[in-house]
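What follows is a single structure, written as structure tokens, with notes after it.
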Amino acid sequence: FSTLQIKNLSLNFYSAGNCEQIINEYKSTSSIIKQHGFVSHSESIDAIKKAKFLVNIGNNATDMVPSKLFEYISTGKPIIHFYYDENDSCLPYLSEYPLSLIIKMDEAKIDKNRILVSEFIESHRFYEPMNIIEIESIFKKNTPKYTTQLIERILVDDETTC
């Protein structure tokens, strides 16, 4: 990101744990990297609302999908996802999301990845967020409404078998 020729680019990290040391190292080499550390959920939601693009970094815990991924998708904003592991739990969801760029982290392809990120940002600079109805149609089984209906069906089935 620090090598992209994009005006007013800022990369804001809201994080905790072992990521902090890594972010701090990169922050010292680039003025676009902003480290905010751990913040409340409401502060993170405010930051997501203000962002033009969202960046997601892949999971090593491949059996868990981070809830923030669904928060990101629900905004209808462009998402740039970086991953290492082919079994990254975010990949099936982001591959269905029309405003995503999925980048496999590979040192051999760093120049190609830089171009892909730059073109993605430039092509979505003046985007209109996706409509929530369109997002719901793609991710129907991931909505609270679907889960509620599923629970209701299970409860009704249990009541009729008693």
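Identifiers in this document derive from the order of the structure tokens: chains are assigned A, B, ..., residues are numbered from 1 separately in each chain, and ligands are numbered from 1 in order of occurrence.
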
- Hey, what's within 8 Å of A:Cys90 if we count only C-alpha atoms and toss same-chain stuff fewer than 6 positions away? As a ChimeraX atom specification, please? /A:58-59,65-66,69

Keeping only N, CA, C and O atoms, write those residues as a PDB file, in the first residue's frame.
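Result file is out.pdb:
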```pdb
ATOM      1  N   GLY A  58      -6.432 -12.670   5.845  1.00  0.00           N
ATOM      2  CA  GLY A  58      -6.865 -14.058   5.978  1.00  0.00           C
ATOM      3  C   GLY A  58      -6.646 -14.688   7.335  1.00  0.00           C
ATOM      4  O   GLY A  58      -5.864 -14.211   8.147  1.00  0.00           O
ATOM      5  N   ASN A  59      -7.355 -15.768   7.524  1.00  0.00           N
ATOM      6  CA  ASN A  59      -7.355 -16.514   8.774  1.00  0.00           C
ATOM      7  C   ASN A  59      -6.519 -17.778   8.666  1.00  0.00           C
ATOM      8  O   ASN A  59      -6.606 -18.491   7.683  1.00  0.00           O
ATOM      9  N   VAL A  65     -15.113 -18.631  10.587  1.00  0.00           N
ATOM     10  CA  VAL A  65     -15.293 -17.440   9.754  1.00  0.00           C
ATOM     11  C   VAL A  65     -15.427 -16.259  10.711  1.00  0.00           C
ATOM     12  O   VAL A  65     -16.319 -16.244  11.560  1.00  0.00           O
ATOM     13  N   PRO A  66     -14.562 -15.255  10.593  1.00  0.00           N
ATOM     14  CA  PRO A  66     -14.653 -14.113  11.506  1.00  0.00           C
ATOM     15  C   PRO A  66     -15.939 -13.313  11.276  1.00  0.00           C
ATOM     16  O   PRO A  66     -16.326 -13.065  10.135  1.00  0.00           O
ATOM     17  N   LEU A  69     -16.113 -10.295   8.942  1.00  0.00           N
ATOM     18  CA  LEU A  69     -16.283 -10.470   7.497  1.00  0.00           C
ATOM     19  C   LEU A  69     -17.718 -10.144   7.091  1.00  0.00           C
ATOM     20  O   LEU A  69     -17.957  -9.461   6.107  1.00  0.00           O
TER      21      LEU A  69
END
```

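Residues of chain A assigned to strand (DSSP E or B) by DSSP on this structure's backbone: A:Leu11, A:Asn12, A:Phe13, A:Ile33, A:Lys34, A:Gln35, A:Leu54, A:Val55, A:Asn56, A:Ile57, A:Ile79, A:Ile80, A:His81, A:Phe82, A:Tyr83, A:Ser100, A:Leu101, A:Ile102, A:Ile103, A:Lys104.
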
Filtering to N, CA, C and O atoms, could you give me those residues as a tab-separated table (two decimals), in the first residue's frame?
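New file again-v6.tsv:
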```tsv
chain	number	residue	atom	x	y	z
A	11	LEU	N	-4.13	3.72	5.55
A	11	LEU	CA	-4.43	2.34	5.93
A	11	LEU	C	-4.53	2.28	7.44
A	11	LEU	O	-3.54	2.37	8.15
A	12	ASN	N	-5.76	2.18	7.95
A	12	ASN	CA	-6.03	2.22	9.38
A	12	ASN	C	-6.21	0.82	9.94
A	12	ASN	O	-7.06	0.08	9.44
A	13	PHE	N	-5.43	0.49	10.97
A	13	PHE	CA	-5.53	-0.82	11.62
A	13	PHE	C	-6.15	-0.66	12.99
A	13	PHE	O	-5.69	0.13	13.81
A	33	ILE	N	0.28	4.26	7.13
A	33	ILE	CA	-0.20	3.26	8.09
A	33	ILE	C	-0.51	3.93	9.42
A	33	ILE	O	0.33	4.60	10.02
A	34	LYS	N	-1.74	3.75	9.85
A	34	LYS	CA	-2.21	4.32	11.12
A	34	LYS	C	-2.60	3.16	12.05
A	34	LYS	O	-3.42	2.32	11.68
A	35	GLN	N	-2.01	3.15	13.21
A	35	GLN	CA	-2.26	2.07	14.18
A	35	GLN	C	-3.14	2.61	15.30
A	35	GLN	O	-2.76	3.53	16.01
A	54	LEU	N	-12.43	-1.63	2.51
A	54	LEU	CA	-12.14	-2.41	3.69
A	54	LEU	C	-11.08	-3.45	3.33
A	54	LEU	O	-11.11	-4.01	2.24
A	55	VAL	N	-10.15	-3.65	4.24
A	55	VAL	CA	-9.08	-4.63	4.02
A	55	VAL	C	-9.26	-5.73	5.04
A	55	VAL	O	-9.43	-5.48	6.23
A	56	ASN	N	-9.25	-6.95	4.55
A	56	ASN	CA	-9.38	-8.13	5.42
A	56	ASN	C	-8.13	-8.99	5.23
A	56	ASN	O	-7.69	-9.20	4.10
A	57	ILE	N	-7.59	-9.45	6.33
A	57	ILE	CA	-6.41	-10.31	6.27
A	57	ILE	C	-6.83	-11.71	6.66
A	57	ILE	O	-7.51	-11.91	7.66
A	79	ILE	N	-14.08	-4.71	-0.77
A	79	ILE	CA	-13.23	-5.39	0.22
A	79	ILE	C	-12.01	-5.96	-0.51
A	79	ILE	O	-12.15	-6.65	-1.51
A	80	ILE	N	-10.84	-5.67	0.05
A	80	ILE	CA	-9.60	-6.27	-0.45
A	80	ILE	C	-9.18	-7.29	0.59
A	80	ILE	O	-8.98	-6.95	1.76
A	81	HIS	N	-9.06	-8.53	0.15
A	81	HIS	CA	-8.75	-9.64	1.07
A	81	HIS	C	-7.39	-10.23	0.71
A	81	HIS	O	-7.14	-10.59	-0.44
A	82	PHE	N	-6.52	-10.32	1.71
A	82	PHE	CA	-5.21	-10.93	1.54
A	82	PHE	C	-5.19	-12.26	2.29
A	82	PHE	O	-5.61	-12.31	3.45
A	83	TYR	N	-4.72	-13.30	1.63
A	83	TYR	CA	-4.68	-14.61	2.30
A	83	TYR	C	-3.40	-15.37	1.93
A	83	TYR	O	-2.75	-15.09	0.93
A	100	SER	N	-15.29	-7.66	-4.24
A	100	SER	CA	-14.09	-8.10	-3.52
A	100	SER	C	-12.94	-8.32	-4.48
A	100	SER	O	-13.11	-8.68	-5.64
A	101	LEU	N	-11.76	-8.07	-3.95
A	101	LEU	CA	-10.52	-8.41	-4.62
A	101	LEU	C	-9.81	-9.37	-3.69
A	101	LEU	O	-9.54	-9.02	-2.52
A	102	ILE	N	-9.51	-10.55	-4.17
A	102	ILE	CA	-8.87	-11.58	-3.35
A	102	ILE	C	-7.43	-11.73	-3.84
A	102	ILE	O	-7.19	-12.04	-5.01
A	103	ILE	N	-6.51	-11.50	-2.92
A	103	ILE	CA	-5.08	-11.52	-3.26
A	103	ILE	C	-4.36	-12.61	-2.46
A	103	ILE	O	-4.37	-12.58	-1.23
A	104	LYS	N	-3.77	-13.54	-3.17
A	104	LYS	CA	-2.93	-14.55	-2.52
A	104	LYS	C	-1.57	-13.91	-2.27
A	104	LYS	O	-0.94	-13.39	-3.18
```

- Task: Could you find all residues in stretch 25-146 of chain A that DSSP calls helix (DSSP H, G or I) from the backbone, and write them as a PyMOL selection string?
- Result: chain A and resi 25-27+41-50+67-75+91-94+107-123+132-138+140-142+144-146

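Using only C-alpha atoms, the residues found no farther than 12 Å from A:Glu20, other than those of its own chain fewer than 3 positions away, are Phe13, Tyr14, Ser15, Ala16, Gly17, Ile23, Asn24, Glu25, Tyr26, Lys27, Lys34, Gln35, His36, Gly37 and Phe38 of chain A.
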
- Task: Name the residues in contact with stretch 73-78 of chain A at a cut-off of 12 Å, using only C-alpha atoms, excluding same-chain residues fewer than 6 positions from it; report them as a ChimeraX atom specification.
- Result: /A:45-56,66-67,90,93-102,117,120-140,142-144

- For A:Asp63, list every protein, DNA or RNA residue within 10 Å, evaluated using only C-alpha atoms, and leave out those in the same chain fewer than 6 positions away; present the list as an NGL selection string. :A and (87-90)

Could those selected residues go to a file with all heavy atoms, as a PDB file, in the first residue's frame?
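The resulting again_39.pdb:
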```
ATOM      1  N   ASN A  87      -7.116 -22.819   2.304  1.00  0.00           N
ATOM      2  CA  ASN A  87      -8.295 -23.215   3.071  1.00  0.00           C
ATOM      3  C   ASN A  87      -8.845 -22.073   3.926  1.00  0.00           C
ATOM      4  O   ASN A  87      -9.632 -22.303   4.831  1.00  0.00           O
ATOM      5  CB  ASN A  87      -7.967 -24.413   3.970  1.00  0.00           C
ATOM      6  CG  ASN A  87      -7.637 -25.630   3.160  1.00  0.00           C
ATOM      7  OD1 ASN A  87      -8.304 -25.932   2.180  1.00  0.00           O
ATOM      8  ND2 ASN A  87      -6.589 -26.333   3.544  1.00  0.00           N
ATOM      9  N   ASP A  88      -8.442 -20.860   3.628  1.00  0.00           N
ATOM     10  CA  ASP A  88      -8.915 -19.686   4.364  1.00  0.00           C
ATOM     11  C   ASP A  88     -10.442 -19.690   4.373  1.00  0.00           C
ATOM     12  O   ASP A  88     -11.086 -19.756   3.318  1.00  0.00           O
ATOM     13  CB  ASP A  88      -8.377 -18.434   3.681  1.00  0.00           C
ATOM     14  CG  ASP A  88      -8.723 -17.144   4.395  1.00  0.00           C
ATOM     15  OD1 ASP A  88      -9.758 -17.078   5.081  1.00  0.00           O
ATOM     16  OD2 ASP A  88      -7.957 -16.188   4.254  1.00  0.00           O
ATOM     17  N   SER A  89     -11.020 -19.607   5.559  1.00  0.00           N
ATOM     18  CA  SER A  89     -12.473 -19.696   5.711  1.00  0.00           C
ATOM     19  C   SER A  89     -13.228 -18.525   5.089  1.00  0.00           C
ATOM     20  O   SER A  89     -14.437 -18.608   4.867  1.00  0.00           O
ATOM     21  CB  SER A  89     -12.833 -19.812   7.195  1.00  0.00           C
ATOM     22  OG  SER A  89     -12.379 -18.665   7.895  1.00  0.00           O
ATOM     23  N   CYS A  90     -12.552 -17.443   4.784  1.00  0.00           N
ATOM     24  CA  CYS A  90     -13.207 -16.275   4.177  1.00  0.00           C
ATOM     25  C   CYS A  90     -13.399 -16.429   2.666  1.00  0.00           C
ATOM     26  O   CYS A  90     -14.264 -15.770   2.082  1.00  0.00           O
ATOM     27  CB  CYS A  90     -12.379 -15.017   4.437  1.00  0.00           C
ATOM     28  SG  CYS A  90     -12.206 -14.592   6.176  1.00  0.00           S
TER      29      CYS A  90
END
```

- Message: Between atom CA of A:Lys112 and atom CA of A:Gln5, what is the distance in Å, rounded to a tenth?
- Response: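 Computed distance, atom CA of A:Lys112 to atom CA of A:Gln5, equals 14.7 Å.
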